[in-house]
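S.K.: Here it is, the structure in full.
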Amino acid sequence: MRIIHSADWQIGKVFKQFGAKEETLRQARLSAIERLGVHARENDVRHVLVAGDVYDSEAPSAHTLRAPIERMKTFGDVHWHLLPGNHDPYRPEGVWDRVAQLGVPENIHLHLSPIPAMLDENAALLPAPLLRKSEFEDITAWMGAAPTPPGALRIGLAHGAVVDFGSGGEASNPIDPTRAAKAHLDYLALGDWHRTLQVGAKTWYAGTPEPDRTGGQEQGTALLVDIAGPGAPPSITRLATGTYRWVTRPERIDNEEASADLDRRLREEPDLSRLVLRLKLEGSLPLAAYGAFRRRMIDLDAAVFDLDLDEASLVARPTQADLEAIDFDGVLRRSADRLKKFVDDSSAAPDLRRRAEEALVELYLRVAGAVREEAA
């Protein structure tokens with residue numbers, strides 16, 4: 001038996017912090033569905049299991065409601081099995097009743113009740129849909145007693161956080177990490193955790209097919225799952241599905257060489273135009289080096305899809321040479337000297353030192369820019 005395990009599509013997710021780029025990211029989530037369909041055809045897969053959170057909310061617009069259905073319809077030879085998650089739980093007259101009212105095609109299956117469903121004559125699916133955002137009982141507990149034909153594979157499908165898993169899950173919804181063994185499952189396909197992760201020999205989180213946050217999974221994935229027969233360990237292959245890579249890099253830069261090296265390494269990243277990059281910077285730079293760093297970042301921002309700079313721990317420290325460059329007249333130089341005293345005064349309030357530091361950097365950059373213009 002060969003299946004594809006996916007989860008956490010969250011169609012309709014809002015990306016307002018990206019401004020005009022928001023719609024591009026929303027469309028990328030739909031493109032991931034098409035890649036899943038292509039992967040299914042290329043790998044001779046008839047069933048794609050989606051372990052919850054197909055939609056990002058319980059009240060998607062009419063267009064958002066239809067958009068994933070239309071993508072799945074184009075792969076009529078692939079059966080798509082959809083499960084309500086904590087973002088889109090099954091409630092009467094809710095999102096899933098709206099989907100059903102559209103008249104979904106025969107290759108799209110809505111699993112709205114904890115009832116075994118046969119994938120084929122040799123494999124049974126045991127779905128555990130969420131009926132509300134948070135459950136406090138294990139929604140997979142029923143699987144152990146669920147009857148399936150003798151010799152048929154038993155495949156569980158659920159959305160939640162395994163017990164003692166930590167704070168990574170987005171809802172309560174506890175799941176026993178040993179459920180696969182207790183319920184004699186040949187595979188347990190989970191959703192909710194947005195990273196691909198193995199929990200046990202037969203239990204996996206697929207991760208999201210298109211990342212949606214920095215600090216999480218960099219590349220969108222799904223899992224190709226091969227099960228040779230009842231009791232056999234599943235063979236797992238990761239499938240790339242995402243358009244954009246969400247990368248977070250902590251970096252320390254203390255001189256011009258380190259700054260230039262950082263820029264070089266970042267530009268060696270593949271597909272820069274599809275990179276959502278967050279840099280968490282720390283260190284201390286002379287003003288001249290900091291000015292060069294800022295110019296590099298302006299260029300890099302134009303090269304990547306999105307650049308988020310966290311400079312809270314990056315300090316610009318003026319050297320004597322930096323101050324000597326600010327010598328147009330006495331007023332500018334005296335201002336620079338006063339600002340430097342604030343920067344160097346360890347007894348001053350941190351916010352005042354930071355503001356003085358920023359003002360000194362801005363003064364230096366303006367003077368340096370005027371010098372370059374005069375020289376030209």
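Residues are referred to by chain and number: the chain letter is A, B, ... according to the order shown in the structure tokens, the number counts from 1 in that chain, and ligands are numbered separately from 1 in the order shown.
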What's the 10 Å shell around Pro234 (chain A), counting only C-alpha atoms, without same-chain residues fewer than 4 positions away, as a PDB file with N, CA, C and O atoms, in the first residue's frame?
M.R.:
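As a result, around-v3.pdb now contains:
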```
ATOM      1  N   MET A   1       0.854  -1.195   0.000  1.00  0.00           N
ATOM      2  CA  MET A   1       0.000   0.000   0.000  1.00  0.00           C
ATOM      3  C   MET A   1       0.885   1.238   0.000  1.00  0.00           C
ATOM      4  O   MET A   1       1.828   1.338   0.790  1.00  0.00           O
ATOM      5  N   ARG A   2       0.571   2.173  -0.864  1.00  0.00           N
ATOM      6  CA  ARG A   2       1.335   3.415  -0.948  1.00  0.00           C
ATOM      7  C   ARG A   2       0.366   4.584  -0.847  1.00  0.00           C
ATOM      8  O   ARG A   2      -0.606   4.674  -1.598  1.00  0.00           O
ATOM      9  N   ASP A 186      -1.070   0.189  11.374  1.00  0.00           N
ATOM     10  CA  ASP A 186       0.116   0.034  10.531  1.00  0.00           C
ATOM     11  C   ASP A 186       0.747   1.390  10.233  1.00  0.00           C
ATOM     12  O   ASP A 186       1.923   1.452   9.862  1.00  0.00           O
ATOM     13  N   TYR A 187      -0.049   2.448  10.432  1.00  0.00           N
ATOM     14  CA  TYR A 187       0.490   3.803  10.276  1.00  0.00           C
ATOM     15  C   TYR A 187      -0.503   4.761  10.915  1.00  0.00           C
ATOM     16  O   TYR A 187      -1.722   4.590  10.802  1.00  0.00           O
ATOM     17  N   ALA A 201       7.734   4.416  15.560  1.00  0.00           N
ATOM     18  CA  ALA A 201       8.057   3.621  14.378  1.00  0.00           C
ATOM     19  C   ALA A 201       6.986   3.747  13.302  1.00  0.00           C
ATOM     20  O   ALA A 201       7.288   3.696  12.103  1.00  0.00           O
ATOM     21  N   LYS A 202       5.716   3.948  13.724  1.00  0.00           N
ATOM     22  CA  LYS A 202       4.618   3.992  12.765  1.00  0.00           C
ATOM     23  C   LYS A 202       3.780   5.260  12.897  1.00  0.00           C
ATOM     24  O   LYS A 202       2.650   5.305  12.416  1.00  0.00           O
ATOM     25  N   THR A 203       4.339   6.286  13.521  1.00  0.00           N
ATOM     26  CA  THR A 203       3.602   7.528  13.763  1.00  0.00           C
ATOM     27  C   THR A 203       4.422   8.721  13.305  1.00  0.00           C
ATOM     28  O   THR A 203       5.551   8.907  13.764  1.00  0.00           O
ATOM     29  N   LEU A 224       5.642  10.391   1.540  1.00  0.00           N
ATOM     30  CA  LEU A 224       5.273   9.231   0.742  1.00  0.00           C
ATOM     31  C   LEU A 224       5.458   8.010   1.641  1.00  0.00           C
ATOM     32  O   LEU A 224       6.566   7.751   2.126  1.00  0.00           O
ATOM     33  N   VAL A 225       4.382   7.279   1.883  1.00  0.00           N
ATOM     34  CA  VAL A 225       4.388   6.179   2.851  1.00  0.00           C
ATOM     35  C   VAL A 225       4.144   4.860   2.129  1.00  0.00           C
ATOM     36  O   VAL A 225       3.114   4.691   1.469  1.00  0.00           O
ATOM     37  N   ASP A 226       5.094   3.949   2.237  1.00  0.00           N
ATOM     38  CA  ASP A 226       4.958   2.603   1.675  1.00  0.00           C
ATOM     39  C   ASP A 226       4.800   1.610   2.814  1.00  0.00           C
ATOM     40  O   ASP A 226       5.624   1.568   3.729  1.00  0.00           O
ATOM     41  N   ILE A 227       3.738   0.799   2.741  1.00  0.00           N
ATOM     42  CA  ILE A 227       3.499  -0.232   3.755  1.00  0.00           C
ATOM     43  C   ILE A 227       3.400  -1.569   3.022  1.00  0.00           C
ATOM     44  O   ILE A 227       2.458  -1.794   2.250  1.00  0.00           O
ATOM     45  N   ALA A 228       4.358  -2.446   3.268  1.00  0.00           N
ATOM     46  CA  ALA A 228       4.418  -3.715   2.532  1.00  0.00           C
ATOM     47  C   ALA A 228       3.278  -4.639   2.883  1.00  0.00           C
ATOM     48  O   ALA A 228       2.805  -5.421   2.045  1.00  0.00           O
ATOM     49  N   GLY A 229       2.788  -4.570   4.127  1.00  0.00           N
ATOM     50  CA  GLY A 229       1.707  -5.453   4.552  1.00  0.00           C
ATOM     51  C   GLY A 229       1.437  -5.261   6.017  1.00  0.00           C
ATOM     52  O   GLY A 229       2.147  -4.512   6.722  1.00  0.00           O
ATOM     53  N   PRO A 230       0.374  -5.891   6.559  1.00  0.00           N
ATOM     54  CA  PRO A 230       0.042  -5.750   7.978  1.00  0.00           C
ATOM     55  C   PRO A 230       1.231  -6.083   8.869  1.00  0.00           C
ATOM     56  O   PRO A 230       1.892  -7.098   8.700  1.00  0.00           O
TER      57      PRO A 230
END
```
S.K.: Give me the residues within 6 Å of region 275-279 of chain A as a list in words, counting only C-alpha atoms and dropping any in the same chain fewer than 5 places off.
M.R.: Tyr244, Arg245, Trp246, Val247, Thr248, Arg249, Pro250, Val304, Phe305, Asp306, Leu307, Asp308, Leu309 and Asp310 of chain A
S.K.: Okay, now the selection with N, CA and C atoms, as a compact mmCIF listing (two decimals), in the first residue's frame?
M.R.:
```txt
# COMPACT_ATOMS: atom_id res chain seq x y z
N TYR A 244 8.06 28.50 -1.26
CA TYR A 244 8.94 29.44 -0.54
C TYR A 244 9.65 28.74 0.61
N ARG A 245 10.89 29.13 0.83
CA ARG A 245 11.67 28.64 1.97
C ARG A 245 11.70 29.73 3.03
N TRP A 246 11.35 29.34 4.26
CA TRP A 246 11.31 30.27 5.39
C TRP A 246 12.52 29.98 6.27
N VAL A 247 13.50 30.85 6.20
CA VAL A 247 14.79 30.60 6.84
C VAL A 247 15.04 31.63 7.93
N THR A 248 15.44 31.15 9.10
CA THR A 248 15.88 32.02 10.19
C THR A 248 17.35 31.74 10.47
N ARG A 249 18.17 32.79 10.48
CA ARG A 249 19.60 32.62 10.70
C ARG A 249 20.06 33.54 11.83
N PRO A 250 20.56 32.98 12.93
CA PRO A 250 21.24 33.80 13.94
C PRO A 250 22.68 34.03 13.48
N VAL A 304 15.71 38.92 -2.28
CA VAL A 304 14.91 37.84 -1.70
C VAL A 304 13.43 38.20 -1.77
N PHE A 305 12.58 37.22 -1.46
CA PHE A 305 11.14 37.52 -1.44
C PHE A 305 10.81 38.45 -0.30
N ASP A 306 11.39 38.19 0.88
CA ASP A 306 11.15 39.07 2.02
C ASP A 306 12.31 38.96 2.99
N LEU A 307 12.71 40.10 3.55
CA LEU A 307 13.82 40.15 4.50
C LEU A 307 13.35 40.84 5.77
N ASP A 308 13.52 40.16 6.90
CA ASP A 308 13.18 40.70 8.21
C ASP A 308 14.46 40.74 9.04
N LEU A 309 14.91 41.95 9.35
CA LEU A 309 16.14 42.12 10.13
C LEU A 309 15.82 42.38 11.59
N ASP A 310 16.34 41.52 12.46
CA ASP A 310 16.25 41.73 13.90
C ASP A 310 17.63 42.21 14.35
```
S.K.: Any idea what the distance is between CA of Ser134 (chain A) and CA of Gln198 (chain A)?
M.R.: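 Between these atoms lies a distance of 23.1 Å.
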S.K.: Can you pull out every residue from region 101-342 of chain A that DSSP, working from the backbone, puts in helix (DSSP H, G or I), and format the result as a ChimeraX atom specification?
M.R.: /A:101,141-145,179-182,256-267,272-274,287-303,320-325,330-342
S.K.: Pull the closest atom pair for each residue of region 177-227 of chain A that gets at most 8 Å from region 24-37 of chain A, along with the distance in Å to one decimal, counting only C-alpha atoms, ordering rows by chain and then ascending residue number, as a Markdown table.
M.R.:
```
| residue | atom | partner | partner_atom | distance |
| --- | --- | --- | --- | --- |
| A:Pro209 | CA | A:Ala32 | CA | 6.1 |
| A:Glu210 | CA | A:Arg29 | CA | 5.8 |
| A:Ala222 | CA | A:Leu36 | CA | 7.8 |
```
S.K.: Which polymer residues have any atom within 10 Å of an atom of Trp142 (chain A), counting only C-alpha atoms, with same-chain residues fewer than 2 positions away left out, as an MDAnalysis selection string?
M.R.: chainID A and resid 114:115 126:128 138:140 144:146 183
S.K.: Find the spatial neighbours of Glu357 (chain A), counting only C-alpha atoms, within a cut-off of 9 Å - ignore same-chain residues fewer than 2 positions away - and output them as a VMD selection string.
M.R.: chain A and resid 315 to 318 339 to 340 342 to 343 352 to 355 359 to 362
S.K.: Mind writing the picked residues with C-alpha atoms as a PDB file, in the first residue's frame?
M.R.:
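What landed in selection02.pdb:
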```pdb
ATOM      1  CA  VAL A 315      25.500  47.621  18.065  1.00  0.00           C
ATOM      2  CA  ALA A 316      27.145  50.316  15.943  1.00  0.00           C
ATOM      3  CA  ARG A 317      30.210  51.596  17.796  1.00  0.00           C
ATOM      4  CA  PRO A 318      31.955  54.705  16.451  1.00  0.00           C
ATOM      5  CA  LEU A 339      26.329  61.486  21.140  1.00  0.00           C
ATOM      6  CA  LYS A 340      29.405  59.311  21.590  1.00  0.00           C
ATOM      7  CA  PHE A 342      25.993  58.941  25.668  1.00  0.00           C
ATOM      8  CA  VAL A 343      26.864  55.732  23.817  1.00  0.00           C
ATOM      9  CA  LEU A 352      18.867  56.622  25.802  1.00  0.00           C
ATOM     10  CA  ARG A 353      22.135  54.930  24.827  1.00  0.00           C
ATOM     11  CA  ARG A 354      20.370  53.121  21.992  1.00  0.00           C
ATOM     12  CA  ARG A 355      18.763  56.309  20.706  1.00  0.00           C
ATOM     13  CA  ALA A 359      21.419  59.141  15.960  1.00  0.00           C
ATOM     14  CA  LEU A 360      25.199  58.892  15.704  1.00  0.00           C
ATOM     15  CA  VAL A 361      24.952  56.241  13.011  1.00  0.00           C
ATOM     16  CA  GLU A 362      22.479  58.345  11.060  1.00  0.00           C
TER      17      GLU A 362
END
```
S.K.: Just how far from CA of Ser346 (chain A) is CA of Pro286 (chain A), in Å to one decimal?
M.R.: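 Distance reported for this atom pair: 18.3 Å.
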S.K.: Work out how far CA of Met143 (chain A) is from CA of Arg179 (chain A), in Å to one decimal.
M.R.: 8.3 Å
S.K.: Could you name the residues that touch Leu110 (chain A) at 8 Å or less, counting only C-alpha atoms, but leaving out those on the same chain fewer than 5 positions away, as a list of chain:residue names?
M.R.: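 Once the adjacent positions are removed, what remains is A:His81, A:Leu82, A:Leu83, A:Trp96.
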S.K.: Based on the backbone DSSP call, show me all residues of region 102-333 of chain A assigned strand (DSSP E or B), as a ChimeraX atom specification.
M.R.: /A:108-110,117-120,123-128,153-159,161-162,174-175,187-191,197-200,203-205,221-226,235-240,245-252,275-285,306-316
S.K.: Got a sec: who's within 12 Å of His109 (chain A), counting only C-alpha atoms, leaving out chain neighbours fewer than 6 positions off, as a PyMOL selection string?
M.R.: chain A and resi 47-50+69+72-73+78-84+96+99-100+103+117-119+125+127
S.K.: In terms of the shortest atom-to-atom distance over only C-alpha atoms, which of A:Thr148, A:Asn43, A:Gln101, A:Asn107 is closest to Asn122 (chain A)?
M.R.: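 Of A:Thr148, A:Asn43, A:Gln101, A:Asn107, the one nearest Asn122 (chain A) is A:Thr148, counting only C-alpha atoms.
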S.K.: Set out as CSV a contact list for region 225-252 of chain A and region 5-9 of chain A with a cut-off of 10 Å, giving each residue of region 225-252 of chain A that qualifies its closest atom pair and distance in Å to one decimal, counting only C-alpha atoms, ordered by chain and rising residue number.
M.R.:
```
residue,atom,partner,partner_atom,distance
A:Val225,CA,A:His5,CA,7.1
A:Ile236,CA,A:His5,CA,9.8
A:Arg238,CA,A:His5,CA,9.8
A:Leu239,CA,A:His5,CA,9.9
A:Thr241,CA,A:Ser6,CA,10.0
```
S.K.: Could you save the residues just selected, with N, CA and C atoms, as an mmCIF file, in the first residue's frame?
M.R.:
```cif
data_model
loop_
_atom_site.group_PDB
_atom_site.id
_atom_site.type_symbol
_atom_site.label_atom_id
_atom_site.label_comp_id
_atom_site.auth_asym_id
_atom_site.auth_seq_id
_atom_site.Cartn_x
_atom_site.Cartn_y
_atom_site.Cartn_z
ATOM 1 N N VAL A 225 4.382 7.279 1.883
ATOM 2 C CA VAL A 225 4.388 6.179 2.851
ATOM 3 C C VAL A 225 4.144 4.860 2.129
ATOM 4 N N ILE A 236 9.300 5.587 4.704
ATOM 5 C CA ILE A 236 8.914 6.999 4.576
ATOM 6 C C ILE A 236 9.891 7.740 3.670
ATOM 7 N N ARG A 238 10.396 11.716 2.126
ATOM 8 C CA ARG A 238 9.919 13.100 2.147
ATOM 9 C C ARG A 238 9.786 13.641 0.731
ATOM 10 N N LEU A 239 8.692 14.357 0.497
ATOM 11 C CA LEU A 239 8.420 14.959 -0.800
ATOM 12 C C LEU A 239 8.410 16.474 -0.646
ATOM 13 N N THR A 241 7.178 20.051 -1.424
ATOM 14 C CA THR A 241 5.930 20.588 -1.949
ATOM 15 C C THR A 241 5.874 22.112 -1.933
#
```
